[in-house]
Amino acid sequence: TVNCQIDHLSVNIQPGATILEAARSIHIQIPTLCYHSDLCVAGNCRLCMVEQVGADRLLPACATPVTEGMEILTNSQKVRHARKVMLELLMSEHRSDCTHCYKNGRCELQNLASEYLVQDGRFIDLVPFKNYTIDDLSPSIIKDDAKCIRCQRCVRTCAEIQAVSALAVAHKGAEMKISTFFDLPMAEVVCTNCGQCVTHCPTGALVEKNYIDAVWQAMDDDARHVVVQTAPAVRIALGEALGLEPGQIVTGKMVAALRRLGFDSVLDTDFSADLTIIEEGHELLQRLREVIRDKNPQVKLPMTTSCSPGWIKFLEHLYPDLLPHLSTAKSPQQMFGALAKTYYARRIGMDAKNMVSVSVMPCTAKKFEAARPEMCASGFRDVDYVLTTRELAMMIRQAGIDFLSLPDDEFDSIMGQSSGAGVIFGATGGVMEAALRTVYEVVTGREVPFDGLNIVPVRGLEQVKEAALTISSPLPEWGFLDGVTLKTCVVHGLAGAREVMKKVADGSCDYHFIEIMACPGGCLGGGGQPMPVSDHVREMRARAIYRDDAGKAIRKSHENPDVVKLYEDFLKEPLGHLSHQLLHTHYVA
Ligand code: HC1
């Protein structure tokens with residue numbers, strides 16, 4: 001280990017640790033704007049400058065490893081002056097209309113300007129001389145160059161976590177900006193709408209496009225019946241935006257808040273996650289039958305999951321030839337939307353044209369997905385508005401609801417029940433685990449041979465996970481699978497997806513089924529979730545999801561009574577005519 005002193009306190013830390021890490025280990029906060037624990041060090045913002053006793057120049061704490069005997073001052077006169085000048089320089093190029101800004105009160109630059117008492121004066125305001133643009137053409141993300149401080153967190157996020165690089169640095173010096181290919185709108189480049197740039201942006205330069213006022217308007221219209229669905233990963237993160245520590249399950253309070261806001265039916269995406277497992281699971285079995293038993297060369301394996309719209313857009317851009325590997329099952333959000341305006345409308349005696357379907361998602365790409373032309377199976381737009389977890393938290397605050405004091409409430413019936421398998425969709429590996437719980441049982445008549453249904457190999461934050469399961473089936477219908485080892489793979493983050501898809505493209509992997517989620521950690525780390533995010537926060541959210549699953553009386557999708565009834569009364573059978581019409585689609589690049 002290395003010994004040093006920070007603000008006259010002794011620190012003992014592993015070799016290679018930076019001054020920033022050493023300071024944090026003893027709870028000394030050094031301000032940063034470009035540093036993020038998810039990303040490589042950039043050293044761009046210079047806000048973390050610290051003084052080394054005896055040295056002339058200040059050092060960037062994020063980029064300087066501690067050395068034996070080093071003495072660091074993080075709060076000297078020299079340091080405070082340097083930080084304030086840096087902040088003033090940043091503010092001179094930043095449109096400081098903070099009270100009008102979507103990030104007002106949640107902006108890291110604003111917080112620091114407030115802490116360091118940055119006031120007008122020292123530097124000329126350059127904003128009027130700059131040709132800043134606002135790109136609001138994407139259904140998911142707004143990019144406002146006047147708010148950008150060029151910290152490049154978004155650029156590193158898009159490159160390192162997602163391997164997409166839709167955002168990059170263009171030009172030099174005073175002209176330098178964060179731009180897209182040929183400065184085209186985000187909606188016209190390879191952006192997947194995942195929103196990871198949004199959750200990593202310290203200012204209001206990248207934010208979600210919000211639909212809050214449109215949803216209020218729909219709820220204020222008495223002629224409209226507004227249905228809301230909530231994604232698995234919302235209930236374990238919403239609390240963070242309303243004063244709770246990461247990892248709290250707030251399902252009951254969330255349902256109560258949604259009712260208080262004025263939604264007419266409060267329903268659950270977890271219900272349609274269970275439904276997705278039935279449809280996607282049967283599609284997997286159908287593909288296995290056609291490839292293994294019938295030797296049909298037209299049918300593609302491995303099959304990949306299709307619930308993450310960022311992943312689908314990535315595939316469309318980068319590997320359009322591999323689209324036949326994608327399951328035809330729509331995402332739970334879209335299955336829910338199609339059923340809300342058909343099956344549910346009929347059950348509650350409502351004309352679908354008077355229905356408004358809203359979803360609350362941990363995801364910005366879901367806004368794009370809902371707007372896709374493929375998503376009008378009900379004869380209307382299946383999902384009218386998508387709110388992120390952050391937007392829901394804002395609505396709850398706007399409504400003056402004391403969230404923490406709300407009594408727990410329950411989802412409405414018909415499309416409100418879910419199993420633990422539906423819940424775990426929100427974590428990386430969850431769709432795979434849910435699918436295996438059902439598929440294995442359909443084929444063998446027995447429960448998956450893992451302790452208490454917990455398929456641990458597909459859990460956790462490792463980027464690529466694998467699990468294999470050998471099938472022994474006494475059932476003649478599935479005899480062709482007897483002795484077959486089902487090989488599965490789970491990836492989260494598009495950088496990992498790119499690596500796995502390279503192997504699929506060159507035929508160097510023999511997986512049967514791959515789960516791919518665009519965001520790190522799966523949906524629990526989605527681009528619409530509360531900020532800040534880190535591996536610790538994702539870990540806490542994942543634990544909450546698995547706790548929720550473990551506490552459920554029903555933990556297998558095929559045992560969800562609302563799903564069983566849906567098949568009895570309406571769909572009749574998995575992959576049947578109505579299922580194809582409402583619940584499946586084909587993406588064409
Ligand atoms: Fe997800 Fe899904 S799990 S994609 O991550 O399949 O967003 O939470 O809602 O649709 O159910 C997101 C989460 C979500 C869908 C489900």
# chains A, B, ... in the order shown; residues from 1 in each chain; ligands from 1
>>> closest_atom_pairs(of="chain A", to="ligand 1", cutoff="9 Å", atoms="only C-alpha atoms and all ligand atoms", output="JSON lines")
{"residue": "A:Gln229", "atom": "CA", "partner": "ligand 1", "partner_atom_place_in_ligand_line": "9 (O)", "distance": 8.9}
{"residue": "A:Thr230", "atom": "CA", "partner": "ligand 1", "partner_atom_place_in_ligand_line": "9 (O)", "distance": 7.1}
{"residue": "A:Ala231", "atom": "CA", "partner": "ligand 1", "partner_atom_place_in_ligand_line": "9 (O)", "distance": 3.8}
{"residue": "A:Pro232", "atom": "CA", "partner": "ligand 1", "partner_atom_place_in_ligand_line": "8 (O)", "distance": 3.9}
{"residue": "A:Ala233", "atom": "CA", "partner": "ligand 1", "partner_atom_place_in_ligand_line": "8 (O)", "distance": 3.6}
{"residue": "A:Val234", "atom": "CA", "partner": "ligand 1", "partner_atom_place_in_ligand_line": "8 (O)", "distance": 6.1}
{"residue": "A:Arg235", "atom": "CA", "partner": "ligand 1", "partner_atom_place_in_ligand_line": "8 (O)", "distance": 8.6}
{"residue": "A:Asp268", "atom": "CA", "partner": "ligand 1", "partner_atom_place_in_ligand_line": "11 (O)", "distance": 8.5}
{"residue": "A:Thr269", "atom": "CA", "partner": "ligand 1", "partner_atom_place_in_ligand_line": "11 (O)", "distance": 5.0}
{"residue": "A:Asp270", "atom": "CA", "partner": "ligand 1", "partner_atom_place_in_ligand_line": "11 (O)", "distance": 5.0}
{"residue": "A:Phe271", "atom": "CA", "partner": "ligand 1", "partner_atom_place_in_ligand_line": "11 (O)", "distance": 7.7}
{"residue": "A:Ser272", "atom": "CA", "partner": "ligand 1", "partner_atom_place_in_ligand_line": "11 (O)", "distance": 6.4}
{"residue": "A:Ala273", "atom": "CA", "partner": "ligand 1", "partner_atom_place_in_ligand_line": "11 (O)", "distance": 4.3}
{"residue": "A:Asp274", "atom": "CA", "partner": "ligand 1", "partner_atom_place_in_ligand_line": "11 (O)", "distance": 7.9}
{"residue": "A:Thr276", "atom": "CA", "partner": "ligand 1", "partner_atom_place_in_ligand_line": "6 (O)", "distance": 7.9}
{"residue": "A:Thr305", "atom": "CA", "partner": "ligand 1", "partner_atom_place_in_ligand_line": "6 (O)", "distance": 8.8}
{"residue": "A:Ser306", "atom": "CA", "partner": "ligand 1", "partner_atom_place_in_ligand_line": "6 (O)", "distance": 7.8}
{"residue": "A:Cys307", "atom": "CA", "partner": "ligand 1", "partner_atom_place_in_ligand_line": "6 (O)", "distance": 4.4}
{"residue": "A:Ser308", "atom": "CA", "partner": "ligand 1", "partner_atom_place_in_ligand_line": "4 (S)", "distance": 4.6}
{"residue": "A:Pro309", "atom": "CA", "partner": "ligand 1", "partner_atom_place_in_ligand_line": "4 (S)", "distance": 7.3}
{"residue": "A:Lys330", "atom": "CA", "partner": "ligand 1", "partner_atom_place_in_ligand_line": "10 (O)", "distance": 8.0}
{"residue": "A:Ser331", "atom": "CA", "partner": "ligand 1", "partner_atom_place_in_ligand_line": "10 (O)", "distance": 4.3}
{"residue": "A:Pro332", "atom": "CA", "partner": "ligand 1", "partner_atom_place_in_ligand_line": "10 (O)", "distance": 3.8}
{"residue": "A:Gln333", "atom": "CA", "partner": "ligand 1", "partner_atom_place_in_ligand_line": "10 (O)", "distance": 3.7}
{"residue": "A:Gln334", "atom": "CA", "partner": "ligand 1", "partner_atom_place_in_ligand_line": "10 (O)", "distance": 6.4}
{"residue": "A:Met335", "atom": "CA", "partner": "ligand 1", "partner_atom_place_in_ligand_line": "10 (O)", "distance": 7.9}
{"residue": "A:Phe336", "atom": "CA", "partner": "ligand 1", "partner_atom_place_in_ligand_line": "10 (O)", "distance": 8.4}
{"residue": "A:Ser359", "atom": "CA", "partner": "ligand 1", "partner_atom_place_in_ligand_line": "9 (O)", "distance": 8.6}
{"residue": "A:Val360", "atom": "CA", "partner": "ligand 1", "partner_atom_place_in_ligand_line": "9 (O)", "distance": 8.0}
{"residue": "A:Met361", "atom": "CA", "partner": "ligand 1", "partner_atom_place_in_ligand_line": "7 (O)", "distance": 4.9}
{"residue": "A:Pro362", "atom": "CA", "partner": "ligand 1", "partner_atom_place_in_ligand_line": "7 (O)", "distance": 4.9}
{"residue": "A:Cys363", "atom": "CA", "partner": "ligand 1", "partner_atom_place_in_ligand_line": "7 (O)", "distance": 4.5}
{"residue": "A:Thr364", "atom": "CA", "partner": "ligand 1", "partner_atom_place_in_ligand_line": "7 (O)", "distance": 7.8}
{"residue": "A:Ala365", "atom": "CA", "partner": "ligand 1", "partner_atom_place_in_ligand_line": "7 (O)", "distance": 7.7}
{"residue": "A:Lys366", "atom": "CA", "partner": "ligand 1", "partner_atom_place_in_ligand_line": "7 (O)", "distance": 6.2}
{"residue": "A:Thr388", "atom": "CA", "partner": "ligand 1", "partner_atom_place_in_ligand_line": "7 (O)", "distance": 8.8}
{"residue": "A:Gly422", "atom": "CA", "partner": "ligand 1", "partner_atom_place_in_ligand_line": "11 (O)", "distance": 6.5}
{"residue": "A:Val423", "atom": "CA", "partner": "ligand 1", "partner_atom_place_in_ligand_line": "11 (O)", "distance": 7.5}
{"residue": "A:Ile424", "atom": "CA", "partner": "ligand 1", "partner_atom_place_in_ligand_line": "3 (S)", "distance": 7.7}
{"residue": "A:Phe425", "atom": "CA", "partner": "ligand 1", "partner_atom_place_in_ligand_line": "3 (S)", "distance": 4.2}
{"residue": "A:Gly426", "atom": "CA", "partner": "ligand 1", "partner_atom_place_in_ligand_line": "8 (O)", "distance": 4.1}
{"residue": "A:Ala427", "atom": "CA", "partner": "ligand 1", "partner_atom_place_in_ligand_line": "5 (O)", "distance": 7.1}
{"residue": "A:Thr428", "atom": "CA", "partner": "ligand 1", "partner_atom_place_in_ligand_line": "5 (O)", "distance": 8.1}
{"residue": "A:Gly430", "atom": "CA", "partner": "ligand 1", "partner_atom_place_in_ligand_line": "3 (S)", "distance": 8.0}
{"residue": "A:Val431", "atom": "CA", "partner": "ligand 1", "partner_atom_place_in_ligand_line": "6 (O)", "distance": 7.3}
{"residue": "A:Met517", "atom": "CA", "partner": "ligand 1", "partner_atom_place_in_ligand_line": "5 (O)", "distance": 6.9}
{"residue": "A:Ala518", "atom": "CA", "partner": "ligand 1", "partner_atom_place_in_ligand_line": "5 (O)", "distance": 8.5}
{"residue": "A:Cys519", "atom": "CA", "partner": "ligand 1", "partner_atom_place_in_ligand_line": "5 (O)", "distance": 8.3}
{"residue": "A:Gly522", "atom": "CA", "partner": "ligand 1", "partner_atom_place_in_ligand_line": "5 (O)", "distance": 5.7}
{"residue": "A:Cys523", "atom": "CA", "partner": "ligand 1", "partner_atom_place_in_ligand_line": "5 (O)", "distance": 3.5}
{"residue": "A:Leu524", "atom": "CA", "partner": "ligand 1", "partner_atom_place_in_ligand_line": "8 (O)", "distance": 6.2}
{"residue": "A:Gly525", "atom": "CA", "partner": "ligand 1", "partner_atom_place_in_ligand_line": "5 (O)", "distance": 8.6}
{"residue": "A:Gly526", "atom": "CA", "partner": "ligand 1", "partner_atom_place_in_ligand_line": "7 (O)", "distance": 6.7}
{"residue": "A:Gly527", "atom": "CA", "partner": "ligand 1", "partner_atom_place_in_ligand_line": "7 (O)", "distance": 8.8}
{"residue": "A:Gly528", "atom": "CA", "partner": "ligand 1", "partner_atom_place_in_ligand_line": "7 (O)", "distance": 8.3}
>>> residues_around(residues="stretch 498-508 of chain A", least_positions_apart="2", cutoff="12 Å", atoms="only C-alpha atoms", output="ChimeraX atom specification")
/A:159-164,300-304,311,314-315,317-326,463-466,488-496,510-518
>>> select_by_dssp(residues="stretch 21-182 of chain A", states="helix (DSSP H, G or I)", output="number ranges by chain")
A: 21-25, 77-92, 98-100, 108-115, 127-129, 145-147, 153-161, 173-175, 181-182
>>> write_last_selection(atoms="N, CA and C atoms", output="short mmCIF file (atom, residue, chain, number, x, y, z; two decimals), in the first residue's frame")
data_model
loop_
_atom_site.label_atom_id
_atom_site.label_comp_id
_atom_site.auth_asym_id
_atom_site.auth_seq_id
_atom_site.Cartn_x
_atom_site.Cartn_y
_atom_site.Cartn_z
N GLU A 21 -9.48 9.30 -5.42
CA GLU A 21 -9.94 8.08 -4.73
C GLU A 21 -9.47 8.06 -3.28
N ALA A 22 -8.22 8.48 -3.08
CA ALA A 22 -7.69 8.50 -1.71
C ALA A 22 -8.49 9.47 -0.85
N ALA A 23 -8.83 10.64 -1.42
CA ALA A 23 -9.60 11.64 -0.66
C ALA A 23 -10.98 11.10 -0.34
N ARG A 24 -11.61 10.47 -1.33
CA ARG A 24 -12.96 9.92 -1.09
C ARG A 24 -12.94 8.83 -0.04
N SER A 25 -11.81 8.09 0.01
CA SER A 25 -11.75 6.98 0.98
C SER A 25 -11.78 7.51 2.41
N GLN A 77 -6.03 28.14 -0.16
CA GLN A 77 -6.42 29.38 -0.83
C GLN A 77 -6.21 29.25 -2.36
N LYS A 78 -5.05 28.68 -2.70
CA LYS A 78 -4.69 28.52 -4.11
C LYS A 78 -5.72 27.62 -4.83
N VAL A 79 -6.10 26.53 -4.16
CA VAL A 79 -7.04 25.56 -4.74
C VAL A 79 -8.42 26.20 -4.91
N ARG A 80 -8.86 26.87 -3.86
CA ARG A 80 -10.21 27.48 -3.94
C ARG A 80 -10.26 28.52 -5.05
N HIS A 81 -9.18 29.31 -5.18
CA HIS A 81 -9.14 30.33 -6.22
C HIS A 81 -9.20 29.67 -7.61
N ALA A 82 -8.39 28.63 -7.79
CA ALA A 82 -8.35 27.95 -9.10
C ALA A 82 -9.72 27.38 -9.45
N ARG A 83 -10.36 26.76 -8.48
CA ARG A 83 -11.68 26.16 -8.76
C ARG A 83 -12.70 27.23 -9.14
N LYS A 84 -12.63 28.33 -8.44
CA LYS A 84 -13.62 29.37 -8.71
C LYS A 84 -13.39 29.95 -10.12
N VAL A 85 -12.13 30.16 -10.48
CA VAL A 85 -11.84 30.67 -11.82
C VAL A 85 -12.33 29.68 -12.88
N MET A 86 -12.08 28.40 -12.62
CA MET A 86 -12.53 27.38 -13.60
C MET A 86 -14.05 27.41 -13.75
N LEU A 87 -14.71 27.53 -12.62
CA LEU A 87 -16.18 27.58 -12.68
C LEU A 87 -16.65 28.83 -13.42
N GLU A 88 -15.99 29.94 -13.18
CA GLU A 88 -16.39 31.18 -13.85
C GLU A 88 -16.16 31.08 -15.36
N LEU A 89 -15.05 30.45 -15.72
CA LEU A 89 -14.79 30.26 -17.16
C LEU A 89 -15.87 29.37 -17.79
N LEU A 90 -16.21 28.30 -17.08
CA LEU A 90 -17.25 27.41 -17.61
C LEU A 90 -18.58 28.16 -17.74
N MET A 91 -18.89 28.95 -16.73
CA MET A 91 -20.17 29.67 -16.74
C MET A 91 -20.20 30.73 -17.83
N SER A 92 -19.04 31.26 -18.22
CA SER A 92 -19.02 32.31 -19.24
C SER A 92 -19.43 31.77 -20.61
N CYS A 98 -30.78 29.25 -15.49
CA CYS A 98 -31.02 28.08 -14.64
C CYS A 98 -32.49 27.90 -14.24
N THR A 99 -33.18 28.97 -13.99
CA THR A 99 -34.57 28.79 -13.53
C THR A 99 -35.47 28.26 -14.65
N HIS A 100 -35.02 28.38 -15.91
CA HIS A 100 -35.81 27.85 -17.03
C HIS A 100 -35.33 26.46 -17.44
N GLU A 108 -25.18 19.48 -11.75
CA GLU A 108 -23.93 19.46 -10.97
C GLU A 108 -23.18 20.79 -11.09
N LEU A 109 -23.26 21.44 -12.25
CA LEU A 109 -22.59 22.74 -12.43
C LEU A 109 -23.27 23.79 -11.55
N GLN A 110 -24.58 23.78 -11.56
CA GLN A 110 -25.34 24.74 -10.74
C GLN A 110 -25.00 24.55 -9.26
N ASN A 111 -24.92 23.30 -8.83
CA ASN A 111 -24.59 23.05 -7.42
C ASN A 111 -23.24 23.62 -7.05
N LEU A 112 -22.25 23.42 -7.95
CA LEU A 112 -20.92 23.91 -7.65
C LEU A 112 -20.86 25.44 -7.71
N ALA A 113 -21.57 26.02 -8.68
CA ALA A 113 -21.60 27.49 -8.78
C ALA A 113 -22.20 28.07 -7.50
N SER A 114 -23.17 27.38 -6.97
CA SER A 114 -23.78 27.84 -5.74
C SER A 114 -22.81 27.68 -4.55
N GLU A 115 -22.16 26.51 -4.48
CA GLU A 115 -21.21 26.28 -3.37
C GLU A 115 -20.06 27.28 -3.38
N VAL A 127 -21.92 33.63 -24.38
CA VAL A 127 -23.06 32.92 -24.96
C VAL A 127 -23.68 33.67 -26.15
N PRO A 128 -23.88 35.00 -26.06
CA PRO A 128 -24.49 35.70 -27.19
C PRO A 128 -23.66 35.62 -28.47
N PHE A 129 -22.37 35.34 -28.35
CA PHE A 129 -21.50 35.31 -29.53
C PHE A 129 -21.37 33.91 -30.13
N ASP A 145 -26.66 22.59 -26.88
CA ASP A 145 -25.23 22.91 -26.87
C ASP A 145 -24.89 24.07 -25.94
N ALA A 146 -25.85 24.94 -25.68
CA ALA A 146 -25.58 26.10 -24.82
C ALA A 146 -25.39 25.69 -23.36
N LYS A 147 -25.76 24.45 -23.03
CA LYS A 147 -25.62 23.98 -21.65
C LYS A 147 -24.38 23.09 -21.49
N ARG A 153 -18.21 13.60 -20.77
CA ARG A 153 -18.75 12.37 -20.17
C ARG A 153 -19.63 11.64 -21.17
N CYS A 154 -20.43 12.39 -21.93
CA CYS A 154 -21.34 11.76 -22.90
C CYS A 154 -20.56 11.03 -23.99
N VAL A 155 -19.46 11.67 -24.42
CA VAL A 155 -18.66 11.06 -25.50
C VAL A 155 -18.06 9.74 -25.02
N ARG A 156 -17.53 9.78 -23.79
CA ARG A 156 -16.93 8.55 -23.25
C ARG A 156 -18.00 7.50 -22.97
N THR A 157 -19.15 7.94 -22.50
CA THR A 157 -20.24 6.98 -22.23
C THR A 157 -20.63 6.27 -23.52
N CYS A 158 -20.84 7.06 -24.55
CA CYS A 158 -21.31 6.50 -25.83
C CYS A 158 -20.26 5.57 -26.44
N ALA A 159 -18.98 5.90 -26.23
CA ALA A 159 -17.91 5.07 -26.79
C ALA A 159 -17.61 3.86 -25.90
N GLU A 160 -17.44 4.11 -24.59
CA GLU A 160 -16.92 3.05 -23.72
C GLU A 160 -18.01 2.07 -23.27
N ILE A 161 -19.15 2.61 -22.86
CA ILE A 161 -20.19 1.72 -22.33
C ILE A 161 -21.00 1.13 -23.48
N GLY A 173 -10.19 24.13 -29.90
CA GLY A 173 -10.12 25.42 -29.22
C GLY A 173 -11.49 25.97 -28.91
N ALA A 174 -11.68 27.26 -29.19
CA ALA A 174 -12.94 27.91 -28.84
C ALA A 174 -14.12 27.34 -29.62
N GLU A 175 -13.82 26.71 -30.76
CA GLU A 175 -14.90 26.15 -31.60
C GLU A 175 -15.29 24.74 -31.20
N PHE A 181 -22.34 12.86 -36.23
CA PHE A 181 -21.84 12.72 -37.60
C PHE A 181 -22.39 13.85 -38.47
N PHE A 182 -21.52 14.65 -39.03
CA PHE A 182 -21.91 15.81 -39.86
C PHE A 182 -22.87 16.77 -39.13
#
>>> closest_residue(among="A:Arg293, A:Arg106, A:His282, A:Lys341", to="A:Phe480", atoms="only C-alpha atoms")
A:Arg293
>>> select_by_dssp(residues="stretch 142-315 of chain A", states="strand (DSSP E)", output="count of residues only")
24
>>> residues_around(residues="stretch 246-250 of chain A", least_positions_apart="4", cutoff="9 Å", atoms="only C-alpha atoms", output="ChimeraX atom specification")
/A:234-240,254-255,408,536-545,547-548
>>> residues_around(residues="A:Ile13", least_positions_apart="5", cutoff="7 Å", atoms="only C-alpha atoms", output="ChimeraX atom specification")
/A:1-3,22
>>> write_last_selection(atoms="C-alpha atoms", output="mmCIF file, in the first residue's frame")
data_model
loop_
_atom_site.group_PDB
_atom_site.id
_atom_site.type_symbol
_atom_site.label_atom_id
_atom_site.label_comp_id
_atom_site.auth_asym_id
_atom_site.auth_seq_id
_atom_site.Cartn_x
_atom_site.Cartn_y
_atom_site.Cartn_z
ATOM 1 C CA THR A 1 0.000 0.000 0.000
ATOM 2 C CA VAL A 2 0.935 3.676 -0.330
ATOM 3 C CA ASN A 3 0.905 6.183 2.518
ATOM 4 C CA ALA A 22 -7.687 8.502 -1.710
#
>>> atom_distance(atom1="atom CA of A:His27", atom2="atom CA of A:Leu9")
11.0 Å
